[in-house]
Amino acid sequence: MAAAERGWCLCELLRFFYSLVFPGLIVCGTLCLCLIIVLWGIRVLLQRKKNSASTGKNGKNQMVIAFFHPYCNAGGGGERVLWCTLRALQKKKRYLVGDALYPHFTLLGQSLVSMFLGWKALMQCVPDFYIDSMGYAFTLPLFKYLGSCGVGSYVHYPTISTDMLSVVKNQNAGFNNADFITRNPFLSKVKLIYYYLFAFVYGLVGSCSDRVLVNSSWTLNHILSLWKVGHCTNIVYPLCDVQTFLDILLHEKKMTPGHLLVSIGQFRPEKNHSLQIRAFAKLLNKLETESLPCLKLVLIGGCRNQDNEHRVNELRRLSEDLGVQEDVEFKINIPFDELKNYLSEATIGLHTTWNEHFGIGIVECMAAGTIILAHNSGGPKLDIVVPHEGEITGFLADSEEGYAETVAQILSMSAEKRLQIRNNAWACVSQFSDQEFEVTFLSSIEKLFK
């Protein structure tokens with residue numbers, strides 16, 4: 001009897017849900033229709049604003065190009081690319097529109113807020129062409145489908161990459177994967193699902209781009225994997241003011257005993273300055289058994305906020321713990337001329353960022369005549385520290401022992417051998433000049449304007 005009653009209740013419940021199917025479809029259809037009408041109305045409104053913005057004071061139509069680049073005054077490598085692209089387009093007599101500064105958020109928050117900021121920018125100006133030069137791919141559909149703009153992207157670093165997925169999947173601790181997550185298998189799986197979903201959506205919005213420029217082979221591989229836009233993607237290496245550093249004469253610079261090791265990079269966790277200090281400590285221990293000259297490590301970088309300053313203090317404490325504080329110096333926010341002076345005196349330039357997308361600091365060191373020792377990954381491995389006409393231009397390492405041994409190897413070379421490597425590096429970095437950037441950028445982006 002009880003089983004029959006339960007069966008009857010189940011049948012009634014199914015009938016009830018079935019009765020809601022048709023009204024539900026009507027409601028969903030109505031809502032979808034309303035959404036389409038609203039979006040169409042927004043599109044028409046934006047088209048009117050676009051037509052109005054495209055009409056110059058002389059009554060003639062003019063082309064409007066918008067770049068979306070919050071923190072455009074930050075002074076980093078990405079900002080150099082932005083301002084050089086503006087300069088290159090100005091030489092072609094195109095009209096340009098810039099955006100104001102906005103705050104920067106984490107992975108999901110940054111992407112969601114960028115849509116709001118993109119909408120705000122779109123309501124201010126509806127351009128003919130829109131170029132995102134800071135990695136806010138979620139703004140691309142707004143401008144393409146609502147603003148009817150031709151859209152392009154210059155990607156310095158993908159918002160998410162297969163390397164980030166592997167770090168979470170393998171439960172490896174890192175600056176973007178907290179220890180409490182790596183220790184918890186459940187949280188790791190939840191974060192991995194979140195990353196996969198985000199990567200899927202990131203691929204969808206990125207595929208809206210009509211032209212894609214990337215700054216390195218490493219970035220190219222990830223963008224092709226996520227966005228699948230190989231037909232419209234080109235590598236355009238970031239610019240570096242190579243000539244300024246080439247002014248440092250190419251000759252064996254050290255006239256006094258000892259050698260200077262220099263590191264250039266903002267004091268952020270991914271720069272992994274602690275690896276440099278630990279490797280340097282190993283190298284000094286090696287000096288006790290081998291007759292190598294005295295050494296000094298100088299860490300040069302910028303501090304933007306209290307987190308950066310806290311990180312510098314931690315690095316100072318690490319130097320004290322390892323007993324090398326007398327041989328390690330920190331130079332914070334120094335003037336450019338002082339930076340050039342250090343590079344003119346340095347024998348070796350150090351870089352320890354895992355999977356650096358490019359590495360302008362590496363190019364600067366090579367152009368200034370220091371022998372570069374970079375991390376064996378990312379852009380440095382694929383694009384910068386590569387043989388030039390079959391000759392060595394620098395060195396790569398990925399561990400404390402590897403860095404310490406390679407520095408010892410470089411210091412044991414003759415002055416003539418080091419000079420040969422520096423000349424090879426000088427010839428290699430000419431491809432990263434301002435002039436070369438302008439040529440490759442214009443030849444790639446002009447396909448968007450046709």
# chains A, B, ... in the order shown; residues from 1 in each chain; ligands from 1

$ closest_atom_pairs --of "range 122-148 of chain A" --to "range 112-116 of chain A" --cutoff "9 Å" --atoms "only C-alpha atoms" --output "tab-separated table"
residue	atom	partner	partner_atom	distance
A:Tyr136	CA	A:Ser114	CA	6.3
A:Ala137	CA	A:Ser114	CA	8.6
A:Phe138	CA	A:Met115	CA	6.0
A:Thr139	CA	A:Met115	CA	5.2
A:Leu140	CA	A:Met115	CA	8.8
A:Leu142	CA	A:Met115	CA	7.6

$ residues_around --residues "Ser216 in chain A" --least-positions-apart "3" --cutoff "9 Å" --atoms "only C-alpha atoms" --output "PyMOL selection string"
chain A and resi 156+219-221+235-238+357-358+378-379+382-383

$ write_last_selection --atoms "N, CA and C atoms" --output "compact mmCIF listing (two decimals), in the first residue's frame"
# COMPACT_ATOMS: atom_id res chain seq x y z
N HIS A 156 50.85 39.95 -24.33
CA HIS A 156 52.14 39.80 -23.67
C HIS A 156 52.21 38.47 -22.91
N THR A 219 54.48 32.60 -25.88
CA THR A 219 53.12 33.11 -25.87
C THR A 219 52.34 32.60 -27.07
N LEU A 220 53.00 32.54 -28.23
CA LEU A 220 52.35 32.04 -29.44
C LEU A 220 51.81 30.63 -29.25
N ASN A 221 52.62 29.74 -28.67
CA ASN A 221 52.20 28.36 -28.48
C ASN A 221 50.96 28.26 -27.59
N ILE A 235 53.97 36.78 -34.54
CA ILE A 235 54.88 37.19 -33.47
C ILE A 235 55.43 38.58 -33.80
N VAL A 236 55.30 39.49 -32.85
CA VAL A 236 55.92 40.82 -32.95
C VAL A 236 56.69 41.03 -31.65
N TYR A 237 58.00 40.88 -31.70
CA TYR A 237 58.81 40.99 -30.49
C TYR A 237 58.68 42.38 -29.87
N PRO A 238 58.64 42.46 -28.54
CA PRO A 238 58.59 43.77 -27.88
C PRO A 238 59.84 44.59 -28.21
N HIS A 357 57.47 35.33 -20.29
CA HIS A 357 56.88 35.38 -21.62
C HIS A 357 57.86 35.94 -22.65
N PHE A 358 58.67 36.92 -22.24
CA PHE A 358 59.72 37.42 -23.14
C PHE A 358 60.99 37.68 -22.34
N GLY A 378 60.51 29.35 -21.32
CA GLY A 378 59.79 30.49 -21.87
C GLY A 378 60.50 31.21 -22.99
N GLY A 379 60.24 32.52 -23.06
CA GLY A 379 60.80 33.36 -24.11
C GLY A 379 62.32 33.40 -24.14
N LEU A 382 63.44 30.26 -25.94
CA LEU A 382 62.98 30.07 -27.31
C LEU A 382 63.37 31.21 -28.26
N ASP A 383 63.52 32.44 -27.73
CA ASP A 383 63.66 33.59 -28.62
C ASP A 383 64.90 34.44 -28.39

$ residues_around --residues "range 369-377 of chain A" --least-positions-apart "3" --cutoff "6 Å" --atoms "only C-alpha atoms" --output "ChimeraX atom specification"
/A:347-352,355,365-366,381,394-398,422

$ closest_residue --among "A:Leu213, A:Val44, A:Leu33, A:Ala346" --to "Ser443 in chain A" --atoms "only C-alpha atoms"
A:Leu213

$ closest_residue --among "A:Ile300, A:Val328, A:Leu165, A:Val312" --to "Ser188 in chain A" --atoms "only C-alpha atoms"
A:Leu165

$ closest_atom_pairs --of "range 291-374 of chain A" --to "range 265-280 of chain A" --cutoff "6 Å" --atoms "only C-alpha atoms" --output "tab-separated table"
residue	atom	partner	partner_atom	distance
A:Gly301	CA	A:Gln266	CA	4.5
A:Gly302	CA	A:Gln266	CA	4.7
A:Asn308	CA	A:Phe267	CA	5.5
A:Thr352	CA	A:Asn272	CA	5.8
A:Thr353	CA	A:Lys271	CA	4.6

$ select_by_dssp --residues "range 137-328 of chain A" --states "strand (DSSP E)" --output "list in words"
Gly150, Val151, Gly152, Ser153, Tyr154, Val155, Arg211, Val212, Leu213, Val214, Thr233, Asn234, Ile235, His259, Leu260, Leu261, Val262, Ser263, Ile264, Leu295, Lys296, Leu297, Val298, Leu299, Ile300, Gly301 and Val328 of chain A

$ atom_distance --atom1 "CA of Leu295 in chain A" --atom2 "CA of Asp327 in chain A"
7.1 Å

$ residues_around --residues "Lys296 in chain A" --least-positions-apart "6" --cutoff "9 Å" --atoms "only C-alpha atoms" --output "PyMOL selection string"
chain A and resi 258-262+280+326-329

$ select_by_dssp --residues "range 190-435 of chain A" --states "alpha helix (DSSP H)" --output "ChimeraX atom specification"
/A:190-206,217-227,242-246,273-287,306-321,336-345,360-367,378-379,400-411,415-428,434-435

$ atom_distance --atom1 "CA of Asn285 in chain A" --atom2 "CA of Val298 in chain A"
18.0 Å

$ atom_distance --atom1 "CA of Val212 in chain A" --atom2 "CA of Ile131 in chain A"
9.4 Å

$ residues_around --residues "Leu122 in chain A" --least-positions-apart "4" --cutoff "10 Å" --atoms "only C-alpha atoms" --output "list in words"
Leu46, Lys49, Lys50, Ala66, Phe116, Leu117, Gly118, Val126, Pro127, Tyr130, Thr139, Leu142, Phe143, Leu146 and Gly147 of chain A

$ residues_around --residues "Asn424 in chain A" --least-positions-apart "6" --cutoff "12 Å" --atoms "only C-alpha atoms" --output "PDB file with all heavy atoms, in the first residue's frame"
ATOM      1  N   LEU A 250      81.888  47.898 -26.333  1.00  0.00           N
ATOM      2  CA  LEU A 250      82.126  46.465 -26.284  1.00  0.00           C
ATOM      3  C   LEU A 250      83.629  46.178 -26.177  1.00  0.00           C
ATOM      4  O   LEU A 250      84.333  46.035 -27.169  1.00  0.00           O
ATOM      5  CB  LEU A 250      81.558  45.802 -27.540  1.00  0.00           C
ATOM      6  CG  LEU A 250      80.072  45.465 -27.481  1.00  0.00           C
ATOM      7  CD1 LEU A 250      79.595  44.992 -28.840  1.00  0.00           C
ATOM      8  CD2 LEU A 250      79.818  44.418 -26.430  1.00  0.00           C
ATOM      9  N   MET A 366      72.108  41.969 -22.441  1.00  0.00           N
ATOM     10  CA  MET A 366      72.899  41.514 -23.578  1.00  0.00           C
ATOM     11  C   MET A 366      73.379  42.691 -24.423  1.00  0.00           C
ATOM     12  O   MET A 366      74.520  42.716 -24.886  1.00  0.00           O
ATOM     13  CB  MET A 366      72.083  40.541 -24.420  1.00  0.00           C
ATOM     14  CG  MET A 366      71.754  39.239 -23.698  1.00  0.00           C
ATOM     15  SD  MET A 366      70.552  38.200 -24.581  1.00  0.00           S
ATOM     16  CE  MET A 366      71.523  37.659 -25.997  1.00  0.00           C
ATOM     17  N   ALA A 367      72.499  43.676 -24.614  1.00  0.00           N
ATOM     18  CA  ALA A 367      72.882  44.854 -25.400  1.00  0.00           C
ATOM     19  C   ALA A 367      73.969  45.653 -24.700  1.00  0.00           C
ATOM     20  O   ALA A 367      74.814  46.269 -25.355  1.00  0.00           O
ATOM     21  CB  ALA A 367      71.658  45.730 -25.648  1.00  0.00           C
ATOM     22  N   GLY A 369      76.319  44.437 -22.943  1.00  0.00           N
ATOM     23  CA  GLY A 369      77.589  43.730 -22.942  1.00  0.00           C
ATOM     24  C   GLY A 369      77.808  42.811 -21.765  1.00  0.00           C
ATOM     25  O   GLY A 369      78.922  42.321 -21.564  1.00  0.00           O
ATOM     26  N   THR A 370      76.790  42.555 -20.957  1.00  0.00           N
ATOM     27  CA  THR A 370      76.929  41.553 -19.904  1.00  0.00           C
ATOM     28  C   THR A 370      76.633  40.181 -20.496  1.00  0.00           C
ATOM     29  O   THR A 370      75.846  40.052 -21.434  1.00  0.00           O
ATOM     30  CB  THR A 370      75.961  41.815 -18.733  1.00  0.00           C
ATOM     31  OG1 THR A 370      74.615  41.613 -19.185  1.00  0.00           O
ATOM     32  CG2 THR A 370      76.091  43.234 -18.217  1.00  0.00           C
ATOM     33  N   ILE A 371      77.254  39.179 -19.943  1.00  0.00           N
ATOM     34  CA  ILE A 371      76.969  37.811 -20.369  1.00  0.00           C
ATOM     35  C   ILE A 371      75.755  37.335 -19.598  1.00  0.00           C
ATOM     36  O   ILE A 371      75.766  37.290 -18.360  1.00  0.00           O
ATOM     37  CB  ILE A 371      78.177  36.891 -20.123  1.00  0.00           C
ATOM     38  CG1 ILE A 371      79.343  37.347 -20.983  1.00  0.00           C
ATOM     39  CG2 ILE A 371      77.819  35.441 -20.440  1.00  0.00           C
ATOM     40  CD1 ILE A 371      80.607  36.530 -20.822  1.00  0.00           C
ATOM     41  N   ILE A 372      74.686  36.983 -20.314  1.00  0.00           N
ATOM     42  CA  ILE A 372      73.415  36.670 -19.665  1.00  0.00           C
ATOM     43  C   ILE A 372      73.357  35.210 -19.235  1.00  0.00           C
ATOM     44  O   ILE A 372      73.820  34.317 -19.941  1.00  0.00           O
ATOM     45  CB  ILE A 372      72.227  37.000 -20.599  1.00  0.00           C
ATOM     46  CG1 ILE A 372      70.919  37.020 -19.808  1.00  0.00           C
ATOM     47  CG2 ILE A 372      72.151  36.027 -21.761  1.00  0.00           C
ATOM     48  CD1 ILE A 372      70.809  38.120 -18.815  1.00  0.00           C
ATOM     49  N   ILE A 384      65.416  34.507 -27.167  1.00  0.00           N
ATOM     50  CA  ILE A 384      66.452  35.495 -26.862  1.00  0.00           C
ATOM     51  C   ILE A 384      67.836  34.860 -26.735  1.00  0.00           C
ATOM     52  O   ILE A 384      68.747  35.182 -27.494  1.00  0.00           O
ATOM     53  CB  ILE A 384      66.103  36.274 -25.571  1.00  0.00           C
ATOM     54  CG1 ILE A 384      64.728  36.920 -25.690  1.00  0.00           C
ATOM     55  CG2 ILE A 384      67.174  37.334 -25.306  1.00  0.00           C
ATOM     56  CD1 ILE A 384      64.277  37.633 -24.442  1.00  0.00           C
ATOM     57  N   VAL A 385      67.984  33.962 -25.771  1.00  0.00           N
ATOM     58  CA  VAL A 385      69.297  33.337 -25.535  1.00  0.00           C
ATOM     59  C   VAL A 385      69.427  32.131 -26.463  1.00  0.00           C
ATOM     60  O   VAL A 385      69.416  30.972 -26.039  1.00  0.00           O
ATOM     61  CB  VAL A 385      69.466  32.944 -24.062  1.00  0.00           C
ATOM     62  CG1 VAL A 385      70.911  32.532 -23.791  1.00  0.00           C
ATOM     63  CG2 VAL A 385      69.087  34.108 -23.151  1.00  0.00           C
ATOM     64  N   VAL A 386      69.511  32.427 -27.733  1.00  0.00           N
ATOM     65  CA  VAL A 386      69.591  31.393 -28.773  1.00  0.00           C
ATOM     66  C   VAL A 386      70.865  31.626 -29.585  1.00  0.00           C
ATOM     67  O   VAL A 386      71.376  32.754 -29.647  1.00  0.00           O
ATOM     68  CB  VAL A 386      68.352  31.430 -29.692  1.00  0.00           C
ATOM     69  CG1 VAL A 386      67.095  31.089 -28.913  1.00  0.00           C
ATOM     70  CG2 VAL A 386      68.202  32.799 -30.348  1.00  0.00           C
ATOM     71  N   PRO A 387      71.394  30.595 -30.214  1.00  0.00           N
ATOM     72  CA  PRO A 387      72.625  30.775 -31.007  1.00  0.00           C
ATOM     73  C   PRO A 387      72.413  31.775 -32.145  1.00  0.00           C
ATOM     74  O   PRO A 387      71.358  31.819 -32.770  1.00  0.00           O
ATOM     75  CB  PRO A 387      72.897  29.365 -31.546  1.00  0.00           C
ATOM     76  CG  PRO A 387      72.200  28.445 -30.601  1.00  0.00           C
ATOM     77  CD  PRO A 387      70.976  29.176 -30.150  1.00  0.00           C
ATOM     78  N   HIS A 388      73.435  32.579 -32.390  1.00  0.00           N
ATOM     79  CA  HIS A 388      73.416  33.508 -33.512  1.00  0.00           C
ATOM     80  C   HIS A 388      74.472  33.048 -34.511  1.00  0.00           C
ATOM     81  O   HIS A 388      75.669  33.060 -34.226  1.00  0.00           O
ATOM     82  CB  HIS A 388      73.728  34.929 -33.033  1.00  0.00           C
ATOM     83  CG  HIS A 388      73.778  35.932 -34.138  1.00  0.00           C
ATOM     84  ND1 HIS A 388      72.646  36.366 -34.791  1.00  0.00           N
ATOM     85  CD2 HIS A 388      74.829  36.576 -34.737  1.00  0.00           C
ATOM     86  CE1 HIS A 388      72.981  37.244 -35.718  1.00  0.00           C
ATOM     87  NE2 HIS A 388      74.304  37.380 -35.709  1.00  0.00           N
ATOM     88  N   GLU A 389      73.983  32.625 -35.671  1.00  0.00           N
ATOM     89  CA  GLU A 389      74.861  32.066 -36.698  1.00  0.00           C
ATOM     90  C   GLU A 389      75.712  30.941 -36.132  1.00  0.00           C
ATOM     91  O   GLU A 389      76.913  30.826 -36.421  1.00  0.00           O
ATOM     92  CB  GLU A 389      75.737  33.162 -37.304  1.00  0.00           C
ATOM     93  CG  GLU A 389      74.929  34.256 -38.017  1.00  0.00           C
ATOM     94  CD  GLU A 389      75.810  35.323 -38.638  1.00  0.00           C
ATOM     95  OE1 GLU A 389      77.035  35.279 -38.387  1.00  0.00           O
ATOM     96  OE2 GLU A 389      75.279  36.188 -39.354  1.00  0.00           O
ATOM     97  N   GLY A 390      75.078  30.141 -35.263  1.00  0.00           N
ATOM     98  CA  GLY A 390      75.738  28.978 -34.687  1.00  0.00           C
ATOM     99  C   GLY A 390      76.629  29.259 -33.498  1.00  0.00           C
ATOM    100  O   GLY A 390      77.247  28.330 -32.947  1.00  0.00           O
ATOM    101  N   GLU A 391      76.716  30.522 -33.065  1.00  0.00           N
ATOM    102  CA  GLU A 391      77.599  30.900 -31.967  1.00  0.00           C
ATOM    103  C   GLU A 391      76.808  31.187 -30.692  1.00  0.00           C
ATOM    104  O   GLU A 391      75.659  31.631 -30.736  1.00  0.00           O
ATOM    105  CB  GLU A 391      78.419  32.140 -32.350  1.00  0.00           C
ATOM    106  CG  GLU A 391      79.316  31.944 -33.562  1.00  0.00           C
ATOM    107  CD  GLU A 391      80.426  30.941 -33.307  1.00  0.00           C
ATOM    108  OE1 GLU A 391      80.843  30.799 -32.140  1.00  0.00           O
ATOM    109  OE2 GLU A 391      80.873  30.288 -34.269  1.00  0.00           O
ATOM    110  N   ILE A 392      77.433  30.959 -29.545  1.00  0.00           N
ATOM    111  CA  ILE A 392      76.796  31.149 -28.244  1.00  0.00           C
ATOM    112  C   ILE A 392      76.538  32.629 -27.980  1.00  0.00           C
ATOM    113  O   ILE A 392      77.413  33.477 -28.197  1.00  0.00           O
ATOM    114  CB  ILE A 392      77.679  30.572 -27.118  1.00  0.00           C
ATOM    115  CG1 ILE A 392      77.820  29.057 -27.272  1.00  0.00           C
ATOM    116  CG2 ILE A 392      77.103  30.909 -25.744  1.00  0.00           C
ATOM    117  CD1 ILE A 392      78.783  28.436 -26.269  1.00  0.00           C
ATOM    118  N   THR A 393      75.322  32.944 -27.488  1.00  0.00           N
ATOM    119  CA  THR A 393      74.987  34.324 -27.115  1.00  0.00           C
ATOM    120  C   THR A 393      74.753  34.485 -25.611  1.00  0.00           C
ATOM    121  O   THR A 393      74.600  35.600 -25.123  1.00  0.00           O
ATOM    122  CB  THR A 393      73.712  34.778 -27.846  1.00  0.00           C
ATOM    123  OG1 THR A 393      72.633  33.896 -27.499  1.00  0.00           O
ATOM    124  CG2 THR A 393      73.911  34.750 -29.353  1.00  0.00           C
ATOM    125  N   GLY A 394      74.679  33.388 -24.873  1.00  0.00           N
ATOM    126  CA  GLY A 394      74.435  33.432 -23.444  1.00  0.00           C
ATOM    127  C   GLY A 394      74.246  32.029 -22.912  1.00  0.00           C
ATOM    128  O   GLY A 394      74.474  31.039 -23.618  1.00  0.00           O
ATOM    129  N   LYS A 417      87.371  35.049 -24.762  1.00  0.00           N
ATOM    130  CA  LYS A 417      86.187  34.212 -24.945  1.00  0.00           C
ATOM    131  C   LYS A 417      84.934  34.951 -24.509  1.00  0.00           C
ATOM    132  O   LYS A 417      83.892  34.898 -25.190  1.00  0.00           O
ATOM    133  CB  LYS A 417      86.340  32.917 -24.138  1.00  0.00           C
ATOM    134  CG  LYS A 417      85.149  31.975 -24.234  1.00  0.00           C
ATOM    135  CD  LYS A 417      84.892  31.489 -25.650  1.00  0.00           C
ATOM    136  CE  LYS A 417      83.772  30.482 -25.708  1.00  0.00           C
ATOM    137  NZ  LYS A 417      83.454  30.057 -27.099  1.00  0.00           N
ATOM    138  N   ARG A 418      85.021  35.661 -23.389  1.00  0.00           N
ATOM    139  CA  ARG A 418      83.855  36.435 -22.932  1.00  0.00           C
ATOM    140  C   ARG A 418      83.518  37.542 -23.921  1.00  0.00           C
ATOM    141  O   ARG A 418      82.354  37.831 -24.182  1.00  0.00           O
ATOM    142  CB  ARG A 418      84.101  37.012 -21.534  1.00  0.00           C
ATOM    143  CG  ARG A 418      84.021  35.988 -20.413  1.00  0.00           C
ATOM    144  CD  ARG A 418      83.827  36.667 -19.063  1.00  0.00           C
ATOM    145  NE  ARG A 418      84.994  37.416 -18.648  1.00  0.00           N
ATOM    146  CZ  ARG A 418      85.960  36.950 -17.845  1.00  0.00           C
ATOM    147  NH1 ARG A 418      85.879  35.698 -17.399  1.00  0.00           N
ATOM    148  NH2 ARG A 418      86.981  37.700 -17.494  1.00  0.00           N
ATOM    149  N   SER A 430      69.837  42.947 -32.043  1.00  0.00           N
ATOM    150  CA  SER A 430      69.428  44.011 -32.964  1.00  0.00           C
ATOM    151  C   SER A 430      68.010  43.813 -33.482  1.00  0.00           C
ATOM    152  O   SER A 430      67.340  44.767 -33.886  1.00  0.00           O
ATOM    153  CB  SER A 430      70.399  44.084 -34.144  1.00  0.00           C
ATOM    154  OG  SER A 430      70.431  42.852 -34.852  1.00  0.00           O
TER     155      SER A 430
END
